[in-house]
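Content type mmCIF, C-alpha atoms, from the file start38.cif:
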```cif
data_work
#
loop_
_atom_site.label_atom_id
_atom_site.label_comp_id
_atom_site.auth_asym_id
_atom_site.auth_seq_id
_atom_site.Cartn_x
_atom_site.Cartn_y
_atom_site.Cartn_z
CA MET A 1 -14.90 7.68 99.17
CA ASN A 2 -16.61 4.79 97.39
CA GLU A 3 -16.44 1.10 98.16
CA ARG A 4 -13.88 0.35 95.47
CA GLN A 5 -11.54 3.09 96.71
CA PHE A 6 -11.94 1.82 100.24
CA ALA A 7 -11.08 -1.71 99.08
CA ASP A 8 -7.85 -0.28 97.68
CA ARG A 9 -7.05 1.33 101.02
CA ILE A 10 -7.64 -2.00 102.77
CA GLY A 11 -5.40 -3.58 100.13
CA ASN A 12 -2.46 -1.59 101.45
CA ILE A 13 -2.72 -2.51 105.10
CA ASP A 14 0.30 -3.59 107.09
CA ASP A 15 2.01 -6.70 105.68
CA GLN A 16 2.02 -8.27 109.14
CA LEU A 17 -1.75 -8.03 109.30
CA ILE A 18 -2.03 -9.80 105.96
CA GLU A 19 0.37 -12.56 106.89
CA GLY A 20 -1.21 -12.89 110.32
CA ALA A 21 -4.55 -13.68 108.71
CA ARG A 22 -3.19 -16.62 106.75
CA TYR A 23 -5.05 -19.70 107.89
CA ARG A 24 -3.03 -22.04 109.98
CA ARG A 25 -3.62 -25.66 110.63
CA ARG A 26 -6.88 -26.30 112.40
CA GLY A 27 -6.80 -27.71 115.91
CA ALA A 28 -3.23 -26.61 116.33
CA GLY A 29 -1.94 -28.48 119.31
CA GLY A 30 1.51 -28.27 120.70
CA LEU A 31 1.83 -32.03 120.92
CA ARG A 32 1.03 -32.65 117.29
CA ARG A 33 3.28 -29.84 116.14
CA LEU A 34 6.11 -31.19 118.25
CA LEU A 35 5.63 -34.70 116.97
CA ALA A 36 5.45 -33.56 113.37
CA ALA A 37 8.67 -31.62 113.83
CA ALA A 38 10.20 -34.67 115.43
CA ALA A 39 9.28 -36.65 112.32
CA VAL A 40 11.21 -34.18 110.19
CA ALA A 41 14.20 -34.40 112.47
CA ALA A 42 14.07 -38.16 112.27
CA LEU A 43 14.01 -37.98 108.50
CA MET A 44 17.14 -35.88 108.50
CA ALA A 45 18.83 -38.62 110.45
CA VAL A 46 17.46 -41.12 107.91
CA SER A 47 16.33 -43.42 110.61
CA PHE A 48 12.74 -43.12 111.63
CA THR A 49 10.55 -46.11 111.38
CA ALA A 50 7.37 -45.32 113.14
CA GLY A 51 5.30 -43.07 115.22
CA ALA A 52 4.38 -39.57 114.15
CA LEU A 53 1.79 -40.13 116.78
CA ALA A 54 1.67 -43.10 119.04
CA SER A 55 -0.06 -42.06 122.14
CA GLY A 56 -0.93 -45.36 123.71
CA GLN A 57 -4.62 -45.00 123.07
CA GLU A 58 -7.03 -47.92 122.95
CA ALA A 59 -7.16 -49.83 119.69
CA PRO A 60 -9.00 -47.63 117.20
CA ALA A 61 -12.28 -48.80 115.78
CA GLU A 62 -11.88 -47.05 112.46
CA THR A 63 -8.72 -46.73 110.44
CA ILE A 64 -7.74 -45.92 106.87
CA GLU A 65 -4.58 -47.60 105.64
CA LEU A 66 -2.49 -45.96 102.96
CA PRO A 67 0.18 -48.65 102.45
CA ASP A 68 1.85 -46.88 99.53
CA ILE A 69 3.03 -44.14 101.83
CA GLY A 70 3.08 -46.11 105.07
CA LEU A 71 0.35 -44.03 106.66
CA THR A 72 -2.53 -45.06 108.87
CA LEU A 73 -5.26 -42.60 109.77
CA ILE A 74 -7.11 -43.32 113.00
CA LEU A 75 -10.61 -41.91 112.77
CA PRO A 76 -13.11 -40.99 115.49
CA ASP A 77 -15.19 -44.00 116.52
CA SER A 78 -18.34 -42.07 115.70
CA TRP A 79 -17.44 -42.11 112.01
CA LYS A 80 -18.19 -45.81 111.69
CA GLY A 81 -20.41 -46.34 108.65
CA LEU A 82 -20.57 -42.63 107.85
CA TYR A 83 -17.58 -42.18 105.58
CA ASP A 84 -16.09 -43.71 102.49
CA VAL A 85 -12.70 -43.61 100.82
CA GLU A 86 -11.70 -43.20 97.20
CA VAL A 87 -8.16 -43.49 95.90
CA ASP A 88 -7.41 -41.78 92.63
CA GLY A 89 -3.98 -41.20 91.18
CA GLY A 90 -2.08 -41.12 94.44
CA VAL A 91 -4.71 -38.99 96.15
CA THR A 92 -6.88 -40.50 98.87
CA TRP A 93 -10.24 -38.80 99.22
CA VAL A 94 -12.37 -39.20 102.34
CA TYR A 95 -15.97 -38.13 102.08
CA VAL A 96 -19.32 -38.31 103.84
CA LYS A 97 -20.90 -41.40 102.40
CA SER A 98 -24.56 -40.37 102.65
CA ILE A 99 -23.95 -37.01 100.96
CA ARG A 100 -22.06 -38.58 98.06
CA GLU A 101 -24.71 -41.27 97.62
CA LYS A 102 -27.72 -39.01 97.90
CA ASP A 103 -26.40 -36.01 96.08
CA PRO A 104 -23.27 -36.77 94.05
CA ASN A 105 -23.02 -33.18 92.82
CA TRP A 106 -22.17 -31.97 96.30
CA GLY A 107 -19.30 -34.34 96.83
CA GLY A 108 -19.30 -34.58 100.59
CA THR A 109 -15.51 -34.43 100.60
CA LEU A 110 -14.05 -33.94 104.07
CA PHE A 111 -10.38 -34.02 103.12
CA TYR A 112 -7.84 -35.63 100.88
CA VAL A 113 -4.35 -36.90 101.57
CA ASP A 114 -1.63 -36.44 99.02
CA ARG A 115 1.95 -35.39 98.47
CA SER A 116 1.20 -31.71 98.34
CA TYR A 117 4.72 -30.55 97.49
CA ASP A 118 7.58 -32.36 95.80
CA ARG A 119 10.10 -31.31 98.37
CA PRO A 120 10.60 -31.84 102.10
CA MET A 121 9.19 -29.09 104.26
CA THR A 122 8.71 -28.34 107.91
CA PRO A 123 5.17 -27.83 109.21
CA GLU A 124 5.80 -24.09 109.40
CA GLU A 125 6.89 -23.94 105.76
CA LEU A 126 3.81 -25.84 104.68
CA TYR A 127 1.40 -23.70 106.66
CA ASP A 128 3.06 -20.56 105.38
CA ILE A 129 2.42 -21.34 101.75
CA SER A 130 -0.60 -23.61 101.66
CA PRO A 131 -3.60 -21.65 100.43
CA VAL A 132 -6.00 -24.23 101.81
CA PRO A 133 -6.46 -25.35 105.39
CA CYS A 134 -4.42 -28.46 105.93
CA ARG A 135 -2.66 -30.61 108.47
CA TYR A 136 0.98 -31.51 108.09
CA LEU A 137 1.57 -35.24 108.14
CA PHE A 138 5.23 -35.86 107.33
CA SER A 139 8.04 -35.19 104.91
CA THR A 140 10.41 -37.43 103.03
CA GLU A 141 13.32 -36.53 100.82
CA LYS A 142 10.98 -36.36 97.86
CA GLY A 143 8.00 -34.58 99.21
CA THR A 144 5.66 -33.32 101.89
CA TYR A 145 2.42 -35.09 102.70
CA SER A 146 -0.62 -33.40 104.16
CA MET A 147 -4.31 -33.73 104.87
CA ASN A 148 -6.03 -31.02 102.90
CA TYR A 149 -9.50 -29.94 103.88
CA ALA A 150 -12.27 -29.17 101.41
CA SER A 151 -12.30 -25.51 100.46
CA ASP A 152 -15.79 -25.16 99.05
CA VAL A 153 -19.31 -26.24 99.97
CA GLN A 154 -19.58 -30.01 100.02
CA TRP A 155 -23.18 -30.54 101.04
CA ASN A 156 -26.57 -29.69 99.59
CA THR A 157 -27.21 -26.30 101.13
CA GLU A 158 -30.95 -26.94 101.04
CA ASP A 159 -30.65 -30.07 103.16
CA PRO A 160 -30.14 -29.20 106.86
CA GLU A 161 -29.44 -32.82 107.79
CA GLN A 162 -26.57 -33.01 105.34
CA GLU A 163 -25.25 -29.71 106.59
CA GLU A 164 -25.37 -30.78 110.22
CA LEU A 165 -23.70 -34.13 109.55
CA TYR A 166 -21.02 -32.54 107.41
CA HIS A 167 -20.25 -29.87 109.99
CA ARG A 168 -20.02 -32.42 112.77
CA MET A 169 -17.64 -34.66 110.88
CA ASN A 170 -15.70 -31.67 109.63
CA MET A 171 -15.20 -30.51 113.20
CA GLU A 172 -14.17 -34.01 114.24
CA CYS A 173 -11.39 -34.08 111.63
CA SER A 174 -9.22 -32.49 114.30
CA GLN A 175 -9.54 -35.72 116.31
CA ILE A 176 -7.96 -37.83 113.59
CA ARG A 177 -4.64 -39.33 114.61
CA PHE A 178 -2.06 -40.77 112.31
CA LEU A 179 0.77 -43.26 112.32
CA VAL A 180 3.68 -43.19 109.91
CA ASP A 181 5.60 -46.39 109.39
CA ASP A 182 8.64 -47.21 107.30
CA VAL A 183 7.99 -44.31 105.02
CA LEU A 184 11.49 -44.11 103.58
CA SER A 185 11.29 -47.51 101.95
CA ASN A 186 8.09 -46.50 100.20
CA ASP A 187 9.13 -43.09 98.93
CA MET B 1 13.86 -21.88 99.04
CA GLU B 2 13.82 -19.10 101.60
CA ASP B 3 12.16 -15.82 100.64
CA LYS B 4 15.43 -13.95 101.01
CA GLN B 5 17.13 -16.25 98.52
CA ILE B 6 14.31 -15.77 96.03
CA ILE B 7 14.53 -12.00 96.41
CA ASP B 8 18.29 -12.22 95.83
CA LEU B 9 17.55 -13.99 92.54
CA TYR B 10 15.40 -11.05 91.46
CA TRP B 11 18.22 -8.68 92.32
CA GLU B 12 20.57 -10.83 90.25
CA ARG B 13 17.99 -10.68 87.42
CA ALA B 14 17.97 -14.49 87.33
CA GLU B 15 14.93 -15.97 85.63
CA ASP B 16 14.86 -18.72 88.25
CA ALA B 17 13.39 -16.07 90.51
CA ILE B 18 10.01 -16.38 88.82
CA ARG B 19 10.16 -20.18 88.77
CA GLU B 20 10.92 -20.31 92.48
CA THR B 21 8.26 -17.73 93.28
CA SER B 22 5.71 -19.63 91.27
CA ALA B 23 6.59 -22.90 93.00
CA LYS B 24 6.30 -21.37 96.44
CA TYR B 25 3.49 -18.85 96.05
CA GLY B 26 1.67 -19.85 92.86
CA ARG B 27 -1.18 -21.51 94.72
CA LEU B 28 -1.61 -18.58 97.06
CA CYS B 29 -1.75 -16.14 94.13
CA GLN B 30 -4.18 -18.34 92.24
CA TYR B 31 -6.36 -18.55 95.34
CA ILE B 32 -6.55 -14.78 95.83
CA ALA B 33 -7.14 -14.08 92.13
CA GLN B 34 -9.80 -16.78 91.92
CA ASN B 35 -11.59 -15.37 94.97
CA ILE B 36 -11.87 -12.01 93.24
CA LEU B 37 -12.43 -13.05 89.64
CA SER B 38 -14.15 -16.44 89.91
CA SER B 39 -12.62 -17.47 86.63
CA PRO B 40 -9.68 -19.86 86.30
CA GLU B 41 -8.61 -18.32 82.99
CA ASP B 42 -8.73 -14.73 84.23
CA SER B 43 -7.02 -15.80 87.45
CA GLU B 44 -4.21 -17.52 85.60
CA GLU B 45 -3.58 -14.46 83.44
CA CYS B 46 -3.63 -12.34 86.55
CA VAL B 47 -1.08 -14.58 88.24
CA ASN B 48 1.17 -14.41 85.18
CA ASP B 49 0.90 -10.63 85.28
CA THR B 50 1.88 -10.82 88.94
CA TRP B 51 5.21 -12.46 88.06
CA LEU B 52 5.89 -9.65 85.62
CA GLY B 53 4.91 -7.10 88.25
CA LEU B 54 7.29 -8.70 90.72
CA TRP B 55 10.09 -8.73 88.18
CA ASN B 56 9.60 -5.02 87.63
CA ALA B 57 9.26 -4.19 91.33
CA ILE B 58 12.34 -6.07 92.59
CA PRO B 59 14.74 -4.34 92.39
CA PRO B 60 14.53 -1.60 93.52
CA GLN B 61 12.36 -2.97 96.31
CA ARG B 62 13.47 -5.59 98.83
CA PRO B 63 10.30 -6.65 100.66
CA ASN B 64 10.49 -7.82 104.26
CA HIS B 65 7.24 -9.75 104.01
CA PHE B 66 7.45 -11.40 100.64
CA SER B 67 4.15 -13.30 100.70
CA ALA B 68 2.21 -10.16 101.64
CA PHE B 69 4.10 -8.19 99.01
CA ILE B 70 3.15 -10.72 96.33
CA GLY B 71 -0.38 -10.90 97.67
CA LYS B 72 -0.80 -7.16 97.33
CA ILE B 73 0.31 -7.26 93.72
CA VAL B 74 -2.00 -10.08 92.74
CA ARG B 75 -4.89 -8.54 94.68
CA ASN B 76 -4.44 -5.17 92.98
CA LEU B 77 -4.15 -6.74 89.54
CA ALA B 78 -7.21 -8.91 90.13
CA LEU B 79 -9.26 -5.94 91.28
CA LYS B 80 -8.18 -3.96 88.22
CA ARG B 81 -9.22 -6.83 86.00
CA PHE B 82 -12.44 -7.09 87.99
CA ASP B 83 -13.14 -3.43 87.19
CA TYR B 84 -12.83 -4.13 83.47
CA LEU B 85 -15.00 -7.21 83.39
CA THR B 86 -18.61 -6.79 82.40
CA ALA B 87 -21.14 -6.92 85.19
CA ALA B 88 -22.30 -10.36 84.05
CA LYS B 89 -18.82 -11.82 84.42
CA ARG B 90 -18.08 -10.28 87.77
CA SER B 91 -17.63 -12.46 90.78
CA ARG B 92 -20.78 -12.31 92.85
CA GLU B 93 -18.76 -12.82 96.02
CA THR B 94 -16.47 -9.88 95.27
CA VAL B 95 -19.45 -7.68 94.49
CA CYS B 96 -20.96 -8.67 97.85
CA SER B 97 -17.72 -7.92 99.70
CA LEU B 98 -17.48 -4.50 98.10
CA GLU B 99 -21.12 -3.75 98.82
CA GLU B 100 -20.57 -4.60 102.46
CA LEU B 101 -17.75 -2.09 102.60
CA GLY B 102 -20.36 0.51 101.70
CA ASP B 103 -21.19 0.53 105.43
CA CYS B 104 -17.85 2.20 106.08
CA VAL B 105 -17.93 4.93 103.45
CA SER B 106 -20.23 7.48 101.86
CA GLY B 107 -20.16 5.81 98.47
CA LYS B 108 -19.25 9.02 96.68
CA PRO B 109 -15.97 8.84 94.76
CA SER B 110 -13.28 10.99 96.33
CA VAL B 111 -10.35 12.68 94.66
CA GLU B 112 -7.28 10.45 94.88
CA ASP B 113 -4.75 12.03 97.19
CA GLU B 114 -1.67 10.02 98.05
CA LEU B 115 -1.16 11.57 101.46
CA GLU B 116 -4.79 11.19 102.42
CA ASN B 117 -4.79 7.60 101.17
CA GLN B 118 -1.79 6.88 103.37
CA ARG B 119 -3.52 8.46 106.34
CA VAL B 120 -6.57 6.26 105.81
CA GLU B 121 -4.43 3.15 105.44
CA GLU B 122 -2.55 3.91 108.64
CA ALA B 123 -5.82 4.47 110.47
CA ILE B 124 -7.16 1.13 109.20
CA ASP B 125 -3.95 -0.52 110.40
CA ARG B 126 -4.31 1.00 113.86
CA PHE B 127 -7.96 -0.02 114.04
CA LEU B 128 -7.27 -3.60 113.00
CA TRP B 129 -4.51 -3.96 115.57
CA THR B 130 -7.02 -2.99 118.28
CA LEU B 131 -9.27 -5.90 117.37
CA GLY B 132 -9.01 -9.34 118.89
CA GLU B 133 -7.28 -11.90 116.70
CA THR B 134 -10.46 -13.68 115.64
CA LYS B 135 -12.33 -10.56 114.57
CA ARG B 136 -9.25 -9.21 112.85
CA THR B 137 -8.68 -12.43 110.94
CA VAL B 138 -12.31 -12.70 109.85
CA PHE B 139 -12.29 -9.08 108.66
CA ILE B 140 -9.06 -9.45 106.70
CA ARG B 141 -10.11 -12.77 105.21
CA ARG B 142 -13.32 -11.19 103.96
CA TYR B 143 -12.05 -7.84 102.69
CA TRP B 144 -8.41 -8.50 101.83
CA TYR B 145 -8.47 -12.11 100.66
CA PHE B 146 -12.12 -11.84 99.52
CA ASP B 147 -13.01 -15.17 101.09
CA SER B 148 -16.66 -16.12 100.86
CA ILE B 149 -18.71 -16.16 104.05
CA SER B 150 -19.13 -19.92 103.76
CA SER B 151 -15.39 -20.37 103.40
CA ILE B 152 -14.78 -18.33 106.55
CA CYS B 153 -17.39 -20.42 108.37
CA ARG B 154 -15.73 -23.65 107.36
CA ARG B 155 -12.32 -22.49 108.42
CA THR B 156 -13.35 -20.91 111.71
CA GLY B 157 -16.18 -23.24 112.66
CA PHE B 158 -18.51 -20.26 113.18
CA SER B 159 -22.06 -20.14 111.86
CA GLN B 160 -22.92 -17.85 108.95
CA SER B 161 -24.97 -15.60 111.19
CA LYS B 162 -22.08 -15.25 113.61
CA VAL B 163 -19.62 -14.36 110.87
CA LYS B 164 -22.02 -11.88 109.27
CA SER B 165 -22.78 -10.29 112.61
CA MET B 166 -19.08 -10.08 113.46
CA LEU B 167 -18.32 -8.43 110.13
CA TYR B 168 -21.23 -6.02 110.45
CA HIS B 169 -20.17 -4.81 113.89
CA THR B 170 -16.55 -4.53 112.82
CA ARG B 171 -17.53 -2.40 109.82
CA GLN B 172 -19.59 -0.14 112.05
CA LYS B 173 -16.72 0.20 114.51
CA LEU B 174 -14.29 0.90 111.71
CA ARG B 175 -16.48 3.65 110.34
CA ASP B 176 -16.79 5.20 113.80
CA TYR B 177 -13.06 4.95 114.28
CA LEU B 178 -12.21 6.56 110.95
CA GLU B 179 -14.67 9.37 111.62
CA SER B 180 -13.14 9.91 115.05
CA GLU B 181 -9.77 10.27 113.31
CA GLY B 182 -11.22 13.07 111.20
CA ILE B 183 -11.20 11.07 107.99
CA GLU B 184 -13.76 12.17 105.46
CA LEU B 185 -15.65 9.13 104.31
#
```
Full structure transcribed into structure tokens:
Amino acid sequence: MNERQFADRIGNIDDQLIEGARYRRRGAGGLRRLLAAAAVAALMAVSFTAGALASGQEAPAETIELPDIGLTLILPDSWKGLYDVEVDGGVTWVYVKSIREKDPNWGGTLFYVDRSYDRPMTPEELYDISPVPCRYLFSTEKGTYSMNYASDVQWNTEDPEQEELYHRMNMECSQIRFLVDDVLSND
Amino acid sequence: MEDKQIIDLYWERAEDAIRETSAKYGRLCQYIAQNILSSPEDSEECVNDTWLGLWNAIPPQRPNHFSAFIGKIVRNLALKRFDYLTAAKRSRETVCSLEELGDCVSGKPSVEDELENQRVEEAIDRFLWTLGETKRTVFIRRYWYFDSISSICRRTGFSQSKVKSMLYHTRQKLRDYLESEGIEL
């Protein structure tokens, strides 16, 4: 058997194996999943005003406000001075500042926030169909919003400092918290 | 729309079936095709061919796992297109993935035999189910979805050396397992 024939055999493996290997949301935590689902339920009742996550933490040092969609991202304190934000056509890009400044070709993008689908979805529906790793934020009647992580190399692969910084911040993305406020009036 | 409803549309021969499939699984198909072909144009054509393939396959089929069913079609079509592309246009990542699979087989083309193929596929299934979830996912991402090593690293948080080592040992184990099952490699 040659490699190509073997690839065909692998191509016909059990459907459950294939679906089981679909990437799910990183840092999947029961609390966040529950709260995201709660946000959907609140939407169905057309009455939620705030709090996809409101955990009573200390005041955050770093936040990104997205007033158009009523979203606030609460970043890890350690990100202070290390990131920058770019808004382009309804998409908010968050990237590693030093990578973008030093080596614009590599982007440094950590994630972007946008309305990924023009229909309301549950977290499970989103994770089932999203081909890129993402985190469900919330749904409205008109769409589903998510944080979508970069899916290709975003740092200069010949610069170990860039790589280390990017990996650290990339790992810390799972610590980002978010608040949703008065989203229906902005939809 | 739920998968079952989309499949019903195919059975009703409603053209909305393709529109709904494209809306729900277009990105997934594009992702798989792009991984294999590394060309947006070729990938798009491949995805369009996938819709036609689905239209022809349903009915008579009624898949239980619709996303995997679609994925198999787009993967097969992309690999066929990959075979036809000149060496210069081939995706380096796909070539690497296929070369790695050389660890599991002799490399000599075998006569296609449907029953034997099925036996090999069932053995691969059994082997993969014996693996832990992480190793299984990494293996399938690399050799079914044709994800790059760096992509797997980003999504799992593992280092390149860890992913490569994991894949290497899994390939060796798979070869041993298939040989123990009496499969001629």
**OP:** Given the file shown, determine the residues that the PyMOL selection byres ((chain B and resi 150) around 9) selects; report them as a PyMOL selection string.
**Re:** (chain A and resi 152-153) or (chain B and resi 147-149+151-155+159-160)
Closest atom pairs, residues of chain A within 10 Å of chain B, only C-alpha atoms, as a Markdown table:
```
| residue | atom | partner | partner_atom | distance |
| --- | --- | --- | --- | --- |
| A:Met1 | CA | B:Ser110 | CA | 4.7 |
| A:Asn2 | CA | B:Gly107 | CA | 3.8 |
| A:Glu3 | CA | B:Gly102 | CA | 5.3 |
| A:Arg4 | CA | B:Leu98 | CA | 6.6 |
| A:Gln5 | CA | B:Pro109 | CA | 7.5 |
| A:Phe6 | CA | B:Leu101 | CA | 7.4 |
| A:Ala7 | CA | B:Leu98 | CA | 7.1 |
| A:Asp8 | CA | B:Asn76 | CA | 7.6 |
| A:Arg9 | CA | B:Glu121 | CA | 5.5 |
| A:Ile10 | CA | B:Trp144 | CA | 6.6 |
| A:Gly11 | CA | B:Trp144 | CA | 6.0 |
| A:Asn12 | CA | B:Glu121 | CA | 6.5 |
| A:Ile13 | CA | B:Asp125 | CA | 5.8 |
| A:Asp14 | CA | B:Asp125 | CA | 6.2 |
| A:Asp15 | CA | B:Ala68 | CA | 5.3 |
| A:Gln16 | CA | B:His65 | CA | 7.5 |
| A:Leu17 | CA | B:Ile140 | CA | 7.9 |
| A:Ile18 | CA | B:Ala68 | CA | 6.1 |
| A:Glu19 | CA | B:Ala68 | CA | 6.1 |
| A:Gly20 | CA | B:Thr137 | CA | 7.5 |
| A:Ala21 | CA | B:Thr137 | CA | 4.9 |
| A:Arg22 | CA | B:Arg141 | CA | 8.1 |
| A:Tyr23 | CA | B:Arg155 | CA | 7.8 |
| A:Arg24 | CA | B:Arg155 | CA | 9.4 |
| A:Arg25 | CA | B:Arg155 | CA | 9.5 |
| A:Arg26 | CA | B:Arg155 | CA | 7.7 |
| A:Tyr117 | CA | B:Ala23 | CA | 9.1 |
| A:Asp118 | CA | B:Ala23 | CA | 9.9 |
| A:Glu125 | CA | B:Glu2 | CA | 9.4 |
| A:Leu126 | CA | B:Lys24 | CA | 9.7 |
| A:Asp128 | CA | B:Ser67 | CA | 8.7 |
| A:Ile129 | CA | B:Tyr25 | CA | 6.3 |
| A:Ser130 | CA | B:Leu28 | CA | 6.9 |
| A:Pro131 | CA | B:Leu28 | CA | 5.0 |
| A:Val132 | CA | B:Leu28 | CA | 8.6 |
| A:Pro133 | CA | B:Arg155 | CA | 7.2 |
| A:Tyr149 | CA | B:Arg155 | CA | 9.2 |
| A:Ala150 | CA | B:Arg154 | CA | 8.8 |
| A:Ser151 | CA | B:Ser151 | CA | 6.7 |
| A:Asp152 | CA | B:Ser151 | CA | 6.5 |
| A:Val153 | CA | B:Ser150 | CA | 7.4 |
| A:His167 | CA | B:Arg154 | CA | 8.1 |
| A:Arg168 | CA | B:Gly157 | CA | 10.0 |
| A:Asn170 | CA | B:Arg154 | CA | 8.3 |
| A:Met171 | CA | B:Gly157 | CA | 7.4 |
```
Subject >> One-decimal distance in Å that lies between atom CA of A:Met121 and atom CA of B:Asp16 >> reply: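 Computing it gives 19.9 Å between the two atoms.
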Original post:
If the PyMOL selection byres ((chain A and resi 100) around 12) is run on the structure shown, which residues does it catch, given as a list of chain:residue names?
Top reply: A:Leu82, A:Tyr83, A:Asp84, A:Val85, A:Glu86, A:Trp93, A:Val94, A:Tyr95, A:Val96, A:Lys97, A:Ser98, A:Ile99, A:Glu101, A:Lys102, A:Asp103, A:Pro104, A:Asn105, A:Trp106, A:Gly107, A:Gly108, A:Thr109, A:Leu110, A:Gln154, A:Trp155, A:Asn156, A:Gln162, A:Tyr166
